[in-house]
Amino acid sequence: LCQLGLSFSVNGMAQFVSNPGLAHWTLLKHVAEFATTQRDAGITFRAPEPRTRQLVLVFDANWAGDRTSRRSVDNYVIFLYGNVIDFGSRKQKFTAMSSFKSELGSCARGGGGVKAIGAVLLGMGIQLELPVPTYGDNESVLKNLVNVTHGSSAKHIDIEYGVFEPMHVLSAGNVADVGTKALGAKMSWPLVNDTAGEL
């Protein structure tokens, strides 16, 4: 649970490892002190309820969220039978010219995670259930995923067997938002707790 809630902070601090200053050291101490208060917290793994989908992908991006480089920060969360098994907040390696491009990049990275988890499941003798429900708050990206063709902006996403089932989620309920920007406690903790199975 602590890692999920701190993914954005750790991602930001990691960018100053080679040349940290006093402000970075102060922030690191603050984050470390907070992390010690979360030692007893954890992700609750629940038995799947009826009709729970095998894998679910949730993605989001904060367009031009890094004020220094103007690059976007994205995050994805992958659930297995309703339980978080993978997530990752990261500053994108490219400068997106629109929120569409930044969120599409986030979806692509999450899709790579889905493909890797599908390979692990297959190695365990479990067939990946397709398509995978894919939640995002950018309707343009979701519409683009419905019919991915060779001329589509999403053609770089590896979906040769129709991995994605685009689903819309409101921004306020997008659990991936926790890893894209600094949210206030009233906004972030309900999302983190819900993701971790605490609600």
# chains A, B, ... in the order shown; residues from 1 in each chain; ligands from 1
>>> residues_around(residues="Gly88 (chain A)", least_positions_apart="6", cutoff="7 Å", atoms="only C-alpha atoms", output="PyMOL selection string")
chain A and resi 75-77
>>> select_by_dssp(residues="region 92-175 of chain A", states="alpha helix (DSSP H)", output="PDB file with N, CA and C atoms, in the first residue's frame")
ATOM      1  N   SER A  99      -2.662  15.822 -24.670  1.00  0.00           N
ATOM      2  CA  SER A  99      -3.033  14.874 -23.621  1.00  0.00           C
ATOM      3  C   SER A  99      -3.370  13.517 -24.240  1.00  0.00           C
ATOM      4  N   PHE A 100      -3.881  13.535 -25.474  1.00  0.00           N
ATOM      5  CA  PHE A 100      -4.182  12.294 -26.184  1.00  0.00           C
ATOM      6  C   PHE A 100      -2.917  11.443 -26.328  1.00  0.00           C
ATOM      7  N   LYS A 101      -1.834  12.076 -26.784  1.00  0.00           N
ATOM      8  CA  LYS A 101      -0.577  11.344 -26.996  1.00  0.00           C
ATOM      9  C   LYS A 101      -0.001  10.822 -25.680  1.00  0.00           C
ATOM     10  N   SER A 102      -0.077  11.639 -24.624  1.00  0.00           N
ATOM     11  CA  SER A 102       0.491  11.206 -23.343  1.00  0.00           C
ATOM     12  C   SER A 102      -0.317  10.042 -22.763  1.00  0.00           C
ATOM     13  N   GLU A 103      -1.642  10.097 -22.868  1.00  0.00           N
ATOM     14  CA  GLU A 103      -2.463   9.011 -22.325  1.00  0.00           C
ATOM     15  C   GLU A 103      -2.361   7.751 -23.187  1.00  0.00           C
ATOM     16  N   LEU A 104      -2.197   7.930 -24.489  1.00  0.00           N
ATOM     17  CA  LEU A 104      -2.000   6.785 -25.371  1.00  0.00           C
ATOM     18  C   LEU A 104      -0.685   6.080 -25.018  1.00  0.00           C
ATOM     19  N   GLY A 105       0.346   6.871 -24.694  1.00  0.00           N
ATOM     20  CA  GLY A 105       1.616   6.296 -24.271  1.00  0.00           C
ATOM     21  C   GLY A 105       1.474   5.515 -22.977  1.00  0.00           C
ATOM     22  N   SER A 106       0.666   6.035 -22.049  1.00  0.00           N
ATOM     23  CA  SER A 106       0.418   5.337 -20.789  1.00  0.00           C
ATOM     24  C   SER A 106      -0.293   4.016 -21.030  1.00  0.00           C
ATOM     25  N   CYS A 107      -1.285   4.041 -21.922  1.00  0.00           N
ATOM     26  CA  CYS A 107      -2.022   2.825 -22.262  1.00  0.00           C
ATOM     27  C   CYS A 107      -1.092   1.795 -22.903  1.00  0.00           C
ATOM     28  N   ALA A 108      -0.200   2.260 -23.767  1.00  0.00           N
ATOM     29  CA  ALA A 108       0.738   1.350 -24.427  1.00  0.00           C
ATOM     30  C   ALA A 108       1.656   0.679 -23.410  1.00  0.00           C
ATOM     31  N   ARG A 109       2.129   1.463 -22.434  1.00  0.00           N
ATOM     32  CA  ARG A 109       3.016   0.889 -21.415  1.00  0.00           C
ATOM     33  C   ARG A 109       2.257  -0.120 -20.549  1.00  0.00           C
ATOM     34  N   GLY A 110       1.013   0.219 -20.208  1.00  0.00           N
ATOM     35  CA  GLY A 110       0.186  -0.724 -19.457  1.00  0.00           C
ATOM     36  C   GLY A 110      -0.101  -1.978 -20.267  1.00  0.00           C
ATOM     37  N   GLY A 111      -0.285  -1.799 -21.585  1.00  0.00           N
ATOM     38  CA  GLY A 111      -0.496  -2.947 -22.460  1.00  0.00           C
ATOM     39  C   GLY A 111       0.695  -3.885 -22.463  1.00  0.00           C
ATOM     40  N   GLY A 112       1.901  -3.307 -22.380  1.00  0.00           N
ATOM     41  CA  GLY A 112       3.099  -4.137 -22.277  1.00  0.00           C
ATOM     42  C   GLY A 112       3.104  -4.954 -20.999  1.00  0.00           C
ATOM     43  N   GLY A 113       2.619  -4.340 -19.908  1.00  0.00           N
ATOM     44  CA  GLY A 113       2.501  -5.066 -18.642  1.00  0.00           C
ATOM     45  C   GLY A 113       1.502  -6.202 -18.731  1.00  0.00           C
ATOM     46  N   VAL A 114       0.375  -5.943 -19.410  1.00  0.00           N
ATOM     47  CA  VAL A 114      -0.640  -6.979 -19.601  1.00  0.00           C
ATOM     48  C   VAL A 114      -0.057  -8.148 -20.389  1.00  0.00           C
ATOM     49  N   LYS A 115       0.708  -7.839 -21.421  1.00  0.00           N
ATOM     50  CA  LYS A 115       1.309  -8.895 -22.254  1.00  0.00           C
ATOM     51  C   LYS A 115       2.285  -9.737 -21.436  1.00  0.00           C
ATOM     52  N   ALA A 116       3.096  -9.076 -20.590  1.00  0.00           N
ATOM     53  CA  ALA A 116       4.054  -9.810 -19.762  1.00  0.00           C
ATOM     54  C   ALA A 116       3.339 -10.702 -18.746  1.00  0.00           C
ATOM     55  N   ILE A 117       2.296 -10.169 -18.121  1.00  0.00           N
ATOM     56  CA  ILE A 117       1.538 -10.963 -17.140  1.00  0.00           C
ATOM     57  C   ILE A 117       0.830 -12.119 -17.832  1.00  0.00           C
ATOM     58  N   GLY A 118       0.323 -11.871 -19.056  1.00  0.00           N
ATOM     59  CA  GLY A 118      -0.296 -12.945 -19.817  1.00  0.00           C
ATOM     60  C   GLY A 118       0.677 -14.077 -20.085  1.00  0.00           C
ATOM     61  N   ALA A 119       1.939 -13.732 -20.349  1.00  0.00           N
ATOM     62  CA  ALA A 119       2.963 -14.754 -20.588  1.00  0.00           C
ATOM     63  C   ALA A 119       3.233 -15.559 -19.315  1.00  0.00           C
ATOM     64  N   VAL A 120       3.246 -14.877 -18.161  1.00  0.00           N
ATOM     65  CA  VAL A 120       3.449 -15.575 -16.885  1.00  0.00           C
ATOM     66  C   VAL A 120       2.281 -16.521 -16.614  1.00  0.00           C
ATOM     67  N   LEU A 121       1.059 -16.034 -16.830  1.00  0.00           N
ATOM     68  CA  LEU A 121      -0.119 -16.873 -16.625  1.00  0.00           C
ATOM     69  C   LEU A 121      -0.066 -18.106 -17.532  1.00  0.00           C
ATOM     70  N   LEU A 122       0.318 -17.896 -18.789  1.00  0.00           N
ATOM     71  CA  LEU A 122       0.406 -19.008 -19.732  1.00  0.00           C
ATOM     72  C   LEU A 122       1.444 -20.028 -19.272  1.00  0.00           C
ATOM     73  N   GLY A 123       2.551 -19.528 -18.710  1.00  0.00           N
ATOM     74  CA  GLY A 123       3.574 -20.424 -18.182  1.00  0.00           C
ATOM     75  C   GLY A 123       3.076 -21.245 -17.010  1.00  0.00           C
ATOM     76  N   GLU A 139     -11.598  10.034 -23.388  1.00  0.00           N
ATOM     77  CA  GLU A 139     -12.502   9.367 -24.325  1.00  0.00           C
ATOM     78  C   GLU A 139     -11.903   9.243 -25.729  1.00  0.00           C
ATOM     79  N   SER A 140     -11.064  10.182 -26.126  1.00  0.00           N
ATOM     80  CA  SER A 140     -10.439  10.103 -27.454  1.00  0.00           C
ATOM     81  C   SER A 140      -9.545   8.873 -27.573  1.00  0.00           C
ATOM     82  N   VAL A 141      -8.784   8.591 -26.523  1.00  0.00           N
ATOM     83  CA  VAL A 141      -7.918   7.415 -26.532  1.00  0.00           C
ATOM     84  C   VAL A 141      -8.760   6.146 -26.590  1.00  0.00           C
ATOM     85  N   LEU A 142      -9.822   6.110 -25.793  1.00  0.00           N
ATOM     86  CA  LEU A 142     -10.672   4.928 -25.766  1.00  0.00           C
ATOM     87  C   LEU A 142     -11.332   4.679 -27.118  1.00  0.00           C
ATOM     88  N   LYS A 143     -11.791   5.743 -27.769  1.00  0.00           N
ATOM     89  CA  LYS A 143     -12.395   5.599 -29.091  1.00  0.00           C
ATOM     90  C   LYS A 143     -11.365   5.116 -30.103  1.00  0.00           C
ATOM     91  N   ASN A 144     -10.119   5.557 -29.935  1.00  0.00           N
ATOM     92  CA  ASN A 144      -9.051   5.164 -30.847  1.00  0.00           C
ATOM     93  C   ASN A 144      -8.722   3.684 -30.708  1.00  0.00           C
ATOM     94  N   LEU A 145      -8.950   3.126 -29.514  1.00  0.00           N
ATOM     95  CA  LEU A 145      -8.645   1.720 -29.267  1.00  0.00           C
ATOM     96  C   LEU A 145      -9.723   0.785 -29.786  1.00  0.00           C
ATOM     97  N   VAL A 146     -10.916   1.308 -30.053  1.00  0.00           N
ATOM     98  CA  VAL A 146     -12.015   0.467 -30.504  1.00  0.00           C
ATOM     99  C   VAL A 146     -11.679  -0.210 -31.827  1.00  0.00           C
TER     100      VAL A 146
END
>>> atom_distance(atom1="CA of Pro133 (chain A)", atom2="CA of Gly82 (chain A)")
11.8 Å
>>> closest_residue(among="A:Met124, A:Leu6, A:Val178, A:Val132", to="Glu33 (chain A)", atoms="only C-alpha atoms")
A:Leu6
>>> closest_residue(among="A:Ala176, A:Gly136, A:Ala14, A:His24", to="Phe87 (chain A)", atoms="only C-alpha atoms")
A:Ala176
